[in-house]
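Visitor: For reference, the file my_file.txt (compact mmCIF, C-alpha atoms and all ligand atoms) is included below:
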# COMPACT_ATOMS: atom_id res chain seq x y z
CA MET A 1 -19.20 18.56 -19.89
CA LYS A 2 -21.23 20.39 -17.26
CA SER A 3 -24.54 19.16 -18.54
CA ARG A 4 -23.23 15.59 -18.49
CA ILE A 5 -22.36 15.97 -14.81
CA ILE A 6 -25.84 17.27 -14.04
CA VAL A 7 -27.38 14.28 -15.82
CA LEU A 8 -25.16 11.95 -13.81
CA LEU A 9 -26.06 13.66 -10.55
CA ALA A 10 -29.73 13.22 -11.42
CA ALA A 11 -28.93 9.57 -12.02
CA VAL A 12 -27.36 9.38 -8.57
CA ILE A 13 -30.63 10.48 -6.98
CA VAL A 14 -32.63 7.97 -9.01
CA TRP A 15 -30.21 5.15 -8.25
CA SER A 16 -30.04 5.89 -4.53
CA GLY A 17 -33.82 5.85 -4.52
CA ILE A 18 -33.65 2.26 -5.73
CA GLY A 19 -31.12 1.60 -2.98
CA SER A 20 -29.67 -1.61 -4.39
CA SER A 21 -25.96 -2.20 -4.14
CA THR A 22 -25.65 -2.61 -7.89
CA GLY A 23 -27.50 0.66 -8.39
CA TYR A 24 -24.92 2.30 -6.19
CA ALA A 25 -22.18 0.78 -8.29
CA ALA A 26 -23.30 2.75 -11.32
CA ALA A 27 -23.70 6.12 -9.74
CA GLU A 28 -21.74 8.50 -7.56
CA GLY A 29 -18.11 8.31 -8.58
CA GLU A 30 -18.81 8.23 -12.29
CA LYS A 31 -18.66 12.00 -12.36
CA TYR A 32 -14.92 11.82 -11.71
CA VAL A 33 -14.41 9.74 -14.80
CA SER A 34 -16.48 12.12 -16.87
CA GLU A 35 -14.69 15.06 -15.28
CA LEU A 36 -11.45 13.97 -16.86
CA GLN A 37 -11.09 11.14 -19.35
CA ALA A 38 -7.74 9.41 -19.62
CA ASN A 39 -7.18 11.11 -22.96
CA ASN A 40 -7.33 14.48 -21.23
CA LEU A 41 -4.67 13.68 -18.66
CA PHE A 42 -1.43 15.61 -18.88
CA VAL A 43 1.64 13.69 -17.74
CA LYS A 44 5.15 15.04 -18.11
CA LYS A 45 7.61 12.35 -19.10
CA VAL A 46 9.83 11.03 -16.31
CA ALA A 47 13.41 10.98 -17.52
CA GLY A 48 16.04 8.51 -16.40
CA MET A 49 13.90 5.61 -15.21
CA ASN A 50 15.58 2.20 -15.37
CA LYS A 51 14.06 -0.06 -18.02
CA ASP A 52 12.48 -2.26 -15.33
CA PHE A 53 11.49 0.67 -13.13
CA ILE A 54 8.93 -0.54 -10.58
CA LYS A 55 5.44 0.80 -11.15
CA GLY A 56 3.86 -0.96 -8.24
CA VAL A 57 0.64 -1.02 -6.27
CA ASP A 58 -0.23 -2.40 -2.85
CA VAL A 59 -3.68 -3.92 -3.18
CA SER A 60 -3.62 -5.96 0.04
CA SER A 61 -7.28 -5.25 0.85
CA ILE A 62 -8.53 -6.56 -2.50
CA ILE A 63 -9.72 -10.04 -1.46
CA ALA A 64 -11.66 -8.67 1.51
CA LEU A 65 -13.22 -6.04 -0.76
CA GLU A 66 -14.25 -8.60 -3.37
CA ASN A 67 -15.70 -10.76 -0.59
CA SER A 68 -17.66 -7.68 0.48
CA GLY A 69 -19.30 -7.49 -2.94
CA VAL A 70 -17.15 -4.68 -4.37
CA THR A 71 -16.73 -4.95 -8.15
CA PHE A 72 -14.10 -3.46 -10.41
CA TYR A 73 -14.35 -2.40 -14.04
CA ASN A 74 -12.05 -1.63 -16.94
CA ALA A 75 -11.89 1.72 -18.70
CA SER A 76 -14.76 0.67 -21.00
CA GLY A 77 -17.05 0.05 -18.04
CA LYS A 78 -16.95 -3.76 -18.28
CA ARG A 79 -16.34 -5.88 -15.20
CA GLN A 80 -12.77 -7.13 -15.25
CA ASP A 81 -10.29 -8.71 -12.83
CA ILE A 82 -8.55 -5.73 -11.25
CA PHE A 83 -5.16 -7.39 -11.74
CA THR A 84 -5.72 -7.33 -15.50
CA THR A 85 -6.79 -3.69 -15.35
CA LEU A 86 -3.68 -2.81 -13.35
CA LYS A 87 -1.42 -4.65 -15.78
CA GLN A 88 -3.01 -2.84 -18.72
CA ALA A 89 -2.29 0.48 -17.00
CA GLY A 90 1.43 -0.28 -16.88
CA VAL A 91 1.63 -1.70 -13.34
CA ASN A 92 4.39 -4.32 -13.15
CA TYR A 93 4.67 -5.11 -9.41
CA VAL A 94 2.22 -5.92 -6.61
CA ARG A 95 2.96 -5.43 -2.91
CA VAL A 96 1.13 -7.37 -0.24
CA ARG A 97 1.30 -7.03 3.56
CA ILE A 98 1.55 -10.15 5.65
CA TRP A 99 0.45 -10.37 9.28
CA ASN A 100 1.22 -13.49 11.27
CA ASP A 101 -2.24 -14.06 12.77
CA PRO A 102 -4.78 -11.26 12.28
CA TYR A 103 -7.59 -13.21 13.96
CA ASN A 104 -9.00 -13.67 17.44
CA ALA A 105 -9.56 -17.04 19.10
CA TYR A 106 -12.95 -17.39 17.35
CA SER A 107 -11.54 -16.79 13.86
CA ASN A 108 -12.91 -13.25 13.66
CA GLY A 109 -10.58 -11.12 11.55
CA TYR A 110 -8.97 -7.92 12.80
CA GLY A 111 -9.76 -6.22 9.45
CA GLY A 112 -7.45 -4.24 7.20
CA GLY A 113 -7.99 -7.06 4.71
CA ASN A 114 -7.27 -9.84 7.27
CA ASN A 115 -3.96 -10.23 5.46
CA ASP A 116 -2.29 -13.46 6.51
CA VAL A 117 -0.03 -15.71 4.42
CA GLN A 118 -3.00 -17.38 2.75
CA LYS A 119 -4.25 -13.98 1.49
CA ALA A 120 -0.74 -13.20 0.22
CA ILE A 121 -0.76 -16.45 -1.71
CA GLN A 122 -4.12 -15.67 -3.33
CA ILE A 123 -2.95 -12.18 -4.29
CA GLY A 124 0.49 -13.39 -5.37
CA LYS A 125 -0.98 -16.00 -7.70
CA ARG A 126 -3.18 -13.43 -9.40
CA ALA A 127 -0.24 -11.03 -9.76
CA THR A 128 1.92 -13.78 -11.26
CA ALA A 129 -0.87 -14.88 -13.61
CA ASN A 130 -0.92 -11.31 -14.95
CA GLY A 131 2.84 -11.05 -15.38
CA MET A 132 3.52 -8.90 -12.34
CA LYS A 133 6.13 -9.56 -9.65
CA LEU A 134 5.30 -9.73 -5.95
CA LEU A 135 6.76 -7.80 -3.03
CA ALA A 136 5.99 -9.73 0.14
CA ASP A 137 5.80 -7.20 2.98
CA PHE A 138 6.23 -8.96 6.33
CA HIS A 139 5.09 -6.83 9.28
CA TYR A 140 6.02 -9.48 11.90
CA SER A 141 2.96 -8.43 13.85
CA ASP A 142 -0.65 -9.60 13.97
CA PHE A 143 -1.85 -6.19 12.76
CA TRP A 144 -0.59 -2.85 11.45
CA ALA A 145 3.09 -2.12 12.00
CA ASP A 146 4.14 1.52 11.58
CA PRO A 147 6.28 4.08 13.45
CA ALA A 148 3.68 4.25 16.24
CA LYS A 149 3.40 0.50 16.78
CA GLN A 150 5.58 -2.53 16.17
CA LYS A 151 3.77 -5.02 18.36
CA VAL A 152 5.12 -8.55 18.37
CA PRO A 153 2.77 -11.36 17.23
CA LYS A 154 0.63 -12.87 20.02
CA ALA A 155 2.36 -16.22 19.71
CA TRP A 156 5.81 -14.65 20.20
CA ALA A 157 4.89 -12.38 23.10
CA ASN A 158 6.60 -14.30 25.91
CA LEU A 159 9.60 -15.66 24.05
CA SER A 160 13.24 -14.97 24.84
CA PHE A 161 15.07 -12.84 22.29
CA GLU A 162 16.89 -15.88 20.88
CA ALA A 163 13.60 -17.76 20.52
CA LYS A 164 12.04 -14.74 18.80
CA LYS A 165 14.90 -14.67 16.31
CA ALA A 166 14.31 -18.33 15.51
CA LYS A 167 10.57 -17.75 15.06
CA LEU A 168 11.13 -14.76 12.77
CA TYR A 169 13.50 -16.76 10.60
CA GLY A 170 11.19 -19.81 10.55
CA PHE A 171 8.03 -17.84 9.79
CA THR A 172 9.73 -15.99 6.93
CA LYS A 173 11.19 -19.14 5.42
CA GLN A 174 8.02 -21.22 5.68
CA SER A 175 5.85 -18.43 4.28
CA LEU A 176 8.18 -17.86 1.33
CA GLN A 177 8.45 -21.56 0.60
CA ALA A 178 4.64 -21.83 0.58
CA MET A 179 4.51 -18.97 -1.94
CA VAL A 180 7.28 -20.40 -4.13
CA LYS A 181 5.48 -23.76 -4.14
CA GLU A 182 2.44 -22.00 -5.63
CA GLY A 183 4.58 -20.66 -8.47
CA ILE A 184 4.47 -17.05 -7.30
CA ASP A 185 7.08 -14.76 -8.85
CA ILE A 186 8.53 -13.09 -5.73
CA GLY A 187 10.85 -10.27 -6.73
CA MET A 188 11.36 -8.68 -3.34
CA VAL A 189 10.74 -9.26 0.36
CA GLN A 190 10.33 -6.52 2.92
CA VAL A 191 11.72 -7.49 6.31
CA GLY A 192 9.50 -5.30 8.47
CA ASN A 193 7.21 -2.37 7.75
CA GLU A 194 8.08 1.24 8.63
CA THR A 195 10.61 0.03 11.19
CA THR A 196 11.83 3.54 11.81
CA GLY A 197 12.41 3.15 15.55
CA ALA A 198 11.16 -0.31 16.51
CA PHE A 199 10.76 -3.78 15.03
CA ALA A 200 8.78 -6.81 16.25
CA GLY A 201 8.56 -5.39 19.75
CA GLU A 202 12.26 -4.40 20.00
CA THR A 203 13.53 -0.83 20.13
CA ASP A 204 17.26 -1.40 20.51
CA TRP A 205 19.00 -1.12 17.12
CA LYS A 206 21.42 -3.95 17.93
CA LYS A 207 18.52 -6.31 18.52
CA MET A 208 16.51 -4.91 15.63
CA SER A 209 19.53 -5.48 13.39
CA GLN A 210 19.81 -9.10 14.47
CA LEU A 211 16.14 -9.62 13.70
CA PHE A 212 16.53 -7.98 10.26
CA ASN A 213 19.32 -10.43 9.55
CA GLU A 214 17.17 -13.43 10.52
CA GLY A 215 14.54 -12.36 7.99
CA SER A 216 17.20 -11.62 5.41
CA ARG A 217 18.83 -15.03 5.89
CA ALA A 218 15.49 -16.75 5.24
CA VAL A 219 15.11 -14.81 1.99
CA ARG A 220 18.67 -15.55 0.84
CA GLU A 221 18.17 -19.27 1.49
CA THR A 222 14.92 -19.25 -0.47
CA ASN A 223 16.31 -17.61 -3.60
CA ARG A 224 19.43 -15.47 -4.02
CA ASP A 225 17.68 -13.42 -6.74
CA ILE A 226 15.01 -12.07 -4.39
CA LEU A 227 15.84 -8.56 -3.19
CA VAL A 228 15.78 -7.90 0.54
CA ALA A 229 14.21 -4.55 1.41
CA LEU A 230 14.09 -2.68 4.71
CA HIS A 231 11.42 -0.03 5.04
CA PHE A 232 11.47 3.25 6.95
CA THR A 233 9.54 6.49 7.04
CA ASN A 234 9.66 10.16 7.94
CA PRO A 235 12.34 11.14 5.43
CA GLU A 236 11.59 14.76 6.35
CA THR A 237 13.26 14.41 9.77
CA SER A 238 16.75 15.84 9.41
CA GLY A 239 19.48 13.21 9.69
CA ARG A 240 17.10 10.28 10.19
CA TYR A 241 17.94 8.20 7.12
CA SER A 242 21.70 8.82 7.35
CA TYR A 243 21.58 7.66 10.99
CA ILE A 244 19.56 4.53 10.15
CA ALA A 245 21.72 3.59 7.17
CA GLU A 246 24.90 4.12 9.17
CA THR A 247 23.53 1.99 12.02
CA LEU A 248 22.54 -0.83 9.66
CA ASN A 249 26.02 -0.72 8.15
CA LYS A 250 27.71 -0.73 11.55
CA ASN A 251 25.59 -3.69 12.65
CA LYS A 252 26.32 -5.57 9.39
CA VAL A 253 22.72 -5.94 8.32
CA ASP A 254 22.43 -7.82 5.02
CA TYR A 255 19.96 -6.00 2.74
CA ASP A 256 19.68 -4.66 -0.81
CA VAL A 257 17.00 -1.97 -0.80
CA PHE A 258 16.48 1.02 1.48
CA ALA A 259 12.77 1.80 1.06
CA SER A 260 10.81 4.83 2.22
CA SER A 261 7.19 5.81 2.59
CA TYR A 262 6.34 9.16 1.03
CA TYR A 263 2.96 10.80 1.52
CA PRO A 264 3.09 14.37 0.16
CA PHE A 265 0.90 15.78 2.95
CA TRP A 266 3.12 14.35 5.72
CA HIS A 267 6.65 13.76 4.50
CA GLY A 268 8.30 16.97 3.37
CA THR A 269 9.51 17.87 -0.08
CA LEU A 270 10.37 15.60 -2.98
CA HIS A 271 13.70 17.34 -3.30
CA ASN A 272 14.53 16.24 0.24
CA LEU A 273 13.26 12.70 -0.37
CA SER A 274 15.41 12.34 -3.45
CA SER A 275 18.41 13.79 -1.67
CA VAL A 276 18.25 11.57 1.46
CA LEU A 277 17.66 8.42 -0.62
CA LYS A 278 20.51 9.26 -2.99
CA ALA A 279 22.83 9.79 -0.02
CA VAL A 280 22.06 6.25 1.25
CA ALA A 281 22.48 4.82 -2.25
CA ASP A 282 25.81 6.58 -2.85
CA THR A 283 27.28 6.01 0.60
CA TYR A 284 26.36 2.37 1.12
CA GLY A 285 25.78 1.05 -2.40
CA LYS A 286 22.11 0.29 -1.74
CA LYS A 287 19.13 0.42 -4.07
CA VAL A 288 16.35 2.80 -3.02
CA MET A 289 12.63 3.12 -3.65
CA VAL A 290 9.32 4.47 -2.40
CA ALA A 291 7.37 1.58 -0.88
CA GLU A 292 4.21 3.61 -0.24
CA THR A 293 2.71 6.78 -1.63
CA SER A 294 -0.78 8.09 -2.42
CA TYR A 295 -2.70 11.30 -2.96
CA THR A 296 -6.25 12.63 -2.87
CA TYR A 297 -8.36 13.10 -6.01
CA THR A 298 -11.42 14.33 -4.09
CA ALA A 299 -12.08 15.74 -0.63
CA GLU A 300 -15.25 13.65 -0.44
CA ASP A 301 -15.54 10.66 1.86
CA GLY A 302 -17.09 7.68 0.11
CA ASP A 303 -18.03 5.29 2.91
CA GLY A 304 -18.82 7.17 6.13
CA HIS A 305 -15.42 6.48 7.71
CA GLU A 306 -13.27 9.59 7.96
CA ASN A 307 -10.34 9.83 5.56
CA THR A 308 -6.73 10.58 6.48
CA ALA A 309 -6.53 13.51 4.08
CA PRO A 310 -7.29 16.30 3.47
CA LYS A 311 -7.24 17.53 7.06
CA SER A 312 -6.54 20.90 8.62
CA GLY A 313 -2.86 21.40 9.33
CA GLN A 314 -1.82 19.32 6.33
CA THR A 315 -0.17 20.88 3.31
CA LEU A 316 -1.51 19.43 0.09
CA PRO A 317 0.96 20.53 -2.57
CA TYR A 318 -1.22 19.50 -5.55
CA PRO A 319 -4.80 20.29 -6.45
CA ILE A 320 -7.26 17.77 -4.99
CA SER A 321 -8.32 16.42 -8.37
CA VAL A 322 -7.67 13.53 -10.72
CA GLN A 323 -5.02 15.57 -12.54
CA GLY A 324 -3.48 16.64 -9.20
CA GLN A 325 -3.30 13.02 -8.13
CA ALA A 326 -1.59 12.02 -11.38
CA ASN A 327 0.90 14.86 -10.94
CA ALA A 328 1.67 13.72 -7.40
CA VAL A 329 2.43 10.14 -8.50
CA ARG A 330 4.42 11.28 -11.52
CA ASP A 331 6.57 13.53 -9.35
CA VAL A 332 7.33 10.74 -6.84
CA MET A 333 8.45 8.56 -9.76
CA ASP A 334 10.62 11.46 -10.90
CA ALA A 335 12.14 11.92 -7.43
CA VAL A 336 13.15 8.25 -7.34
CA ALA A 337 14.49 8.32 -10.91
CA LYS A 338 16.60 11.35 -9.92
CA THR A 339 18.55 9.16 -7.45
CA GLY A 340 20.10 7.46 -10.51
CA THR A 341 20.30 3.78 -11.42
CA ALA A 342 19.89 2.89 -7.73
CA GLY A 343 16.31 4.16 -7.92
CA LEU A 344 14.16 1.05 -8.31
CA GLY A 345 10.69 2.56 -8.45
CA VAL A 346 7.48 3.40 -6.63
CA PHE A 347 4.54 1.55 -5.07
CA TYR A 348 1.15 3.25 -4.78
CA TRP A 349 -0.54 2.30 -1.51
CA GLU A 350 -4.04 0.78 -1.65
CA PRO A 351 -5.30 2.30 -4.94
CA ALA A 352 -8.40 0.09 -4.77
CA TRP A 353 -9.54 0.52 -1.16
CA ILE A 354 -12.90 1.93 -2.19
CA PRO A 355 -16.24 1.95 -0.34
CA VAL A 356 -18.14 -1.28 0.29
CA GLY A 357 -21.27 0.87 0.06
CA PRO A 358 -22.19 4.58 0.04
CA LYS A 359 -21.79 6.68 3.18
CA THR A 360 -25.57 6.99 3.36
CA GLN A 361 -25.61 3.29 4.30
CA LEU A 362 -23.08 3.55 7.11
CA GLU A 363 -24.72 0.96 9.36
CA LYS A 364 -24.79 -1.58 6.54
CA ASN A 365 -21.15 -0.75 5.73
CA LYS A 366 -20.18 -1.38 9.36
CA THR A 367 -21.68 -4.87 9.22
CA ILE A 368 -19.77 -5.63 6.01
CA TRP A 369 -16.45 -4.34 7.43
CA GLU A 370 -16.91 -6.52 10.52
CA THR A 371 -17.88 -9.60 8.52
CA TYR A 372 -15.24 -9.50 5.76
CA GLY A 373 -12.42 -7.42 7.27
CA SER A 374 -12.72 -4.84 4.50
CA GLY A 375 -12.37 -1.80 6.78
CA TRP A 376 -9.05 -0.62 8.19
CA ALA A 377 -9.85 -2.39 11.48
CA SER A 378 -12.73 -4.35 12.97
CA SER A 379 -13.92 -4.34 16.58
CA TYR A 380 -12.22 -7.73 16.97
CA ALA A 381 -8.81 -6.00 16.74
CA ALA A 382 -9.45 -4.32 20.12
CA GLU A 383 -7.94 -7.24 22.02
CA TYR A 384 -4.61 -6.74 20.19
CA ASP A 385 -4.62 -2.98 19.55
CA PRO A 386 -6.97 -1.41 22.14
CA GLU A 387 -5.62 2.14 21.90
CA ASP A 388 -6.06 2.66 18.17
CA ALA A 389 -8.13 -0.02 16.45
CA GLY A 390 -10.15 -0.58 19.63
CA LYS A 391 -11.29 3.06 19.58
CA TRP A 392 -11.37 4.01 15.92
CA TYR A 393 -12.16 0.81 14.01
CA GLY A 394 -14.18 1.26 10.82
CA GLY A 395 -13.90 1.47 7.04
CA SER A 396 -11.55 2.90 4.43
CA ALA A 397 -9.63 6.03 5.40
CA VAL A 398 -8.25 6.30 1.86
CA ASP A 399 -11.24 5.84 -0.47
CA ASN A 400 -10.57 9.38 -1.79
CA GLN A 401 -6.94 8.44 -2.53
CA ALA A 402 -7.80 5.42 -4.66
CA LEU A 403 -7.02 5.23 -8.37
CA PHE A 404 -10.54 3.85 -8.86
CA ASP A 405 -13.70 5.85 -8.22
CA PHE A 406 -16.13 4.97 -5.43
CA ASN A 407 -17.83 2.45 -7.75
CA GLY A 408 -14.77 0.60 -9.01
CA HIS A 409 -14.16 2.39 -12.32
CA PRO A 410 -10.50 3.21 -13.00
CA LEU A 411 -9.70 6.90 -12.72
CA PRO A 412 -7.70 8.41 -15.59
CA SER A 413 -4.85 8.91 -13.08
CA LEU A 414 -4.31 5.13 -12.99
CA GLN A 415 -2.70 5.55 -16.43
CA VAL A 416 0.09 7.68 -14.95
CA PHE A 417 2.33 4.61 -14.64
CA LYS A 418 2.18 4.03 -18.39
CA TYR A 419 2.13 7.67 -19.43
CA ALA A 420 5.19 8.56 -17.34
CA GLU A 421 7.34 6.50 -19.75
CA THR A 422 6.63 8.66 -22.78
CA GLY A 423 4.76 11.65 -21.46
CA HIS A 424 1.14 12.27 -22.39
CA ILE A 425 -0.47 15.33 -23.90
CA PRO A 426 -4.26 15.77 -23.87
CA LYS A 427 -5.88 14.91 -27.18
CA LYS A 428 -8.21 17.52 -28.62
CA CA B 501 -13.67 6.90 3.95
Would you mind writing the structure in this file as structure tokens?

Guide:
Amino acid sequence: MKSRIIVLLAAVIVWSGIGSSTGYAAAEGEKYVSELQANNLFVKKVAGMNKDFIKGVDVSSIIALENSGVTFYNASGKRQDIFTTLKQAGVNYVRVRIWNDPYNAYSNGYGGGNNDVQKAIQIGKRATANGMKLLADFHYSDFWADPAKQKVPKAWANLSFEAKKAKLYGFTKQSLQAMVKEGIDIGMVQVGNETTGAFAGETDWKKMSQLFNEGSRAVRETNRDILVALHFTNPETSGRYSYIAETLNKNKVDYDVFASSYYPFWHGTLHNLSSVLKAVADTYGKKVMVAETSYTYTAEDGDGHENTAPKSGQTLPYPISVQGQANAVRDVMDAVAKTGTAGLGVFYWEPAWIPVGPKTQLEKNKTIWETYGSGWASSYAAEYDPEDAGKWYGGSAVDNQALFDFNGHPLPSLQVFKYAETGHIPKK
């Protein structure tokens, strides 16, 4: 094994000498595949998963990456549509974020995949073609919505609250109808993203609740079988989820799924996650799930844009390795299964957000991110998000948390979705 790695590293030097983008595609990350083949992965069976347990991925950046020249391979090293590769690994659900208008007045994209409704349709069609359901994740913003920012879309900025409600309902309904018309199999809709303390520019829970209900109504009118999910984060904060669930109940918000983000280096223990989700499920009769999770398989940065983890001050409870990554995902699945039949499943966040080029070609990467929106933010986002994107725009902050190596080859850990069903013991 060691000698193989040395040979590959020698190949890296030769390939980088050539300096072509295809040369790059055959080099650096391959060592992670050789480090641990799928056959060598150990996965402890997850007991108690529902038969249609969600093994989902959010690959919202995929179109922008493909436009940037990034290629993906199957386990045999052949180029293959990533949706087929995901399906073969046991993935059964695809999540896609939707921003209202992630562009400036000159049609320059804000980045982060430039994910508008049209992108969601492209991704949804490919998911459906491969037998996977779609979770449409409406942020109701023109760019990232998370606990730190829930900025209203540009076009809604000066509206009255009643007018904003009407817009939110109309945008949801029209977007869903456009997707249904394309034959997309929508299984779930998220009304808002990480709306832990704000939503579409509102911070008052009474108003937030009314807005949730406008989105929910649009989903119900589209198709009664589509699940309505609300999404929150920071499960580690004591009392947070019980307060939110109680407030939603008091305000008569119509929803089916209470979803949480869970990143092991930020969000406390799995025991706590399972416990707070189960409490919501038992008390209010809701389904629960993890809408986002991911973990590091290497500490290396692949594209010259700093990664979110590992960082000092973070606790990384698993080894930073392919096996550690698989363990992390397996254990999140287990934590959701432990909530009982209410536990719907888990979505892995951006398992394919890999480099558009090696970190040694940072300037070239920057041009690609700006042109195709394949970095987390472009400079064009500064007009909308000056404090964050305007200062820190750049590439992928999660290339070391992907389930594909830096060159687009699936890591053995991608198979965790399939292996968790039966358990998997390394073959000698
Ligand atoms: Ca990076």

Visitor: Out of A:Gly304, A:Gly56, A:Gly373, A:Gly215, which residue has the shortest atom-to-atom distance to ligand CA 501 (chain B) when counting all atoms listed in the file?

Guide: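 Selected residue with least distance to ligand CA 501 (chain B): A:Gly304.
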
Visitor: Could the residues that lie within 6 Å of ligand CA 501 (chain B), counting all atoms listed in the file, be listed as a PyMOL selection string?

Guide: chain A and resi 301-307+396-399

Visitor: Any chance you can output those residues with C-alpha atoms as a PDB file, in the frame of the given file?

Guide:
ATOM      1  CA  ASP A 301     -15.540  10.660   1.860  1.00  0.00           C
ATOM      2  CA  GLY A 302     -17.090   7.680   0.110  1.00  0.00           C
ATOM      3  CA  ASP A 303     -18.030   5.290   2.910  1.00  0.00           C
ATOM      4  CA  GLY A 304     -18.820   7.170   6.130  1.00  0.00           C
ATOM      5  CA  HIS A 305     -15.420   6.480   7.710  1.00  0.00           C
ATOM      6  CA  GLU A 306     -13.270   9.590   7.960  1.00  0.00           C
ATOM      7  CA  ASN A 307     -10.340   9.830   5.560  1.00  0.00           C
ATOM      8  CA  SER A 396     -11.550   2.900   4.430  1.00  0.00           C
ATOM      9  CA  ALA A 397      -9.630   6.030   5.400  1.00  0.00           C
ATOM     10  CA  VAL A 398      -8.250   6.300   1.860  1.00  0.00           C
ATOM     11  CA  ASP A 399     -11.240   5.840  -0.470  1.00  0.00           C
TER      12      ASP A 399
END

Visitor: Within 7 Å of stretch 161-175 of chain A, counting only C-alpha atoms, which residues show up once you throw out same-chain ones fewer than 4 positions away? Write them as a ChimeraX atom specification, please.

Guide: /A:117,156,179,211,214-215,218-219,222

Visitor: Identify which of the residues A:Lys427, A:Arg126, A:Lys51, A:His267 lies closest to A:Asp81, counting all atoms listed in the file when measuring atom-to-atom distances.

Guide: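 Selected residue with least distance to A:Asp81: A:Arg126.
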
Visitor: So that I can see what lies close to A:Gly324, please list as a list in words the residues with an atom at most 12 Å from it, counting all atoms listed in the file and leaving out residues fewer than 2 positions away in the same chain.

Guide: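 Here the qualifying residues turn out to be Leu36, Leu41, Phe42, Val43, Pro264, Ser294, Tyr295, Thr296, Tyr297, Thr298, Leu316, Pro317, Tyr318, Pro319, Ile320, Ser321, Val322, Ala326, Asn327, Ala328, Val329, Arg330, Asp331, Gln401, Leu403, Pro412, Ser413 and Val416 of chain A.
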
Visitor: Enclose stretch 252-263 of chain A, meaning all of its atoms listed in the file, in a box aligned along x, y and z, pad it by 4 Å on each side, and list the centre and edge lengths in Å to one decimal, as JSON.

Guide:
{"center_x": 14.6, "center_y": 1.5, "center_z": 4.3, "size_x": 31.4, "size_y": 26.6, "size_z": 18.2}

Visitor: Would you mind listing what lies within 10 Å of A:Gly285 as a PyMOL selection string, with all atoms listed in the file counted and same-chain residues fewer than 5 positions away left out?

Guide: chain A and resi 256-257+278-280+342

Visitor: A:Thr341: which residues within 9 Å, counting all atoms listed in the file, same-chain residues fewer than 3 positions away excluded, as a list of chain:residue names?

Guide: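 Listing them by chain and then by number gives A:Gly48, A:Met49, A:Asn50, A:Lys287, A:Ala337, A:Lys338, A:Leu344.
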
Visitor: Kindly indicate which residue among A:Pro386, A:Gly313, A:Gly395, A:Gly112 lies nearest to A:Pro358, using only C-alpha atoms for the distances.

Guide: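 Looking only at the distances to A:Pro358, the closest residue turns out to be A:Gly395.
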
Visitor: Which residue gives the smallest distance to A:Thr283 among A:Tyr241, A:Gln314, A:Ile123, A:Asn251, with only C-alpha atoms counted?

Guide: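 Once distances to A:Thr283 are computed over only C-alpha atoms, the minimum belongs to A:Tyr241.
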
Visitor: With all atoms listed in the file counted and 12 Å as the cut-off, give the residues of stretch 294-398 of chain A in contact with stretch 94-101 of chain A, each with its shortest interatomic distance in Å and the pair that gives it, as a tab-separated table.

Guide:
residue	atom	partner	partner_atom	distance
A:Val346	CA	A:Arg95	CA	10.6
A:Phe347	CA	A:Arg95	CA	7.5
A:Tyr348	CA	A:Arg95	CA	9.1
A:Trp349	CA	A:Arg95	CA	8.6
A:Glu350	CA	A:Arg95	CA	9.4
A:Pro351	CA	A:Val94	CA	11.3
A:Ala381	CA	A:Asp101	CA	11.1
A:Tyr384	CA	A:Asp101	CA	10.7

Visitor: For the selection just defined, write its residues with C-alpha atoms to a file, as a PDB file, keeping the file's coordinate frame.

Guide:
ATOM      1  CA  VAL A 346       7.480   3.400  -6.630  1.00  0.00           C
ATOM      2  CA  PHE A 347       4.540   1.550  -5.070  1.00  0.00           C
ATOM      3  CA  TYR A 348       1.150   3.250  -4.780  1.00  0.00           C
ATOM      4  CA  TRP A 349      -0.540   2.300  -1.510  1.00  0.00           C
ATOM      5  CA  GLU A 350      -4.040   0.780  -1.650  1.00  0.00           C
ATOM      6  CA  PRO A 351      -5.300   2.300  -4.940  1.00  0.00           C
ATOM      7  CA  ALA A 381      -8.810  -6.000  16.740  1.00  0.00           C
ATOM      8  CA  TYR A 384      -4.610  -6.740  20.190  1.00  0.00           C
TER       9      TYR A 384
END

Visitor: Would you please work out which residue, of A:Gln210, A:Glu221, A:Asn193, A:Leu86, is nearest to A:Leu176 when using all atoms listed in the file?

Guide: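 Between A:Gln210, A:Glu221, A:Asn193, A:Leu86, the residue approaching A:Leu176 most closely is A:Glu221.
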
Visitor: With distances taken over all atoms listed in the file, which residue among A:Glu292, A:Ser260, A:Tyr393, A:Arg220 lies nearest A:Pro235?

Guide: A:Ser260

Visitor: Which residues, written as an mmCIF file with C-alpha atoms, in the coordinates of the input, have at least one atom at most 6 Å from stretch 132-138 of chain A, with only C-alpha atoms counted and residues fewer than 3 positions away on the same chain left out?

Guide:
data_model
loop_
_atom_site.group_PDB
_atom_site.id
_atom_site.type_symbol
_atom_site.label_atom_id
_atom_site.label_comp_id
_atom_site.auth_asym_id
_atom_site.auth_seq_id
_atom_site.Cartn_x
_atom_site.Cartn_y
_atom_site.Cartn_z
ATOM 1 C CA ASN A 92 4.390 -4.320 -13.150
ATOM 2 C CA TYR A 93 4.670 -5.110 -9.410
ATOM 3 C CA VAL A 94 2.220 -5.920 -6.610
ATOM 4 C CA ARG A 95 2.960 -5.430 -2.910
ATOM 5 C CA VAL A 96 1.130 -7.370 -0.240
ATOM 6 C CA ARG A 97 1.300 -7.030 3.560
ATOM 7 C CA ILE A 98 1.550 -10.150 5.650
ATOM 8 C CA ALA A 127 -0.240 -11.030 -9.760
ATOM 9 C CA THR A 128 1.920 -13.780 -11.260
ATOM 10 C CA ASP A 185 7.080 -14.760 -8.850
ATOM 11 C CA ILE A 186 8.530 -13.090 -5.730
ATOM 12 C CA GLY A 187 10.850 -10.270 -6.730
ATOM 13 C CA MET A 188 11.360 -8.680 -3.340
ATOM 14 C CA VAL A 189 10.740 -9.260 0.360
ATOM 15 C CA GLN A 190 10.330 -6.520 2.920
ATOM 16 C CA VAL A 191 11.720 -7.490 6.310
ATOM 17 C CA GLY A 192 9.500 -5.300 8.470
#
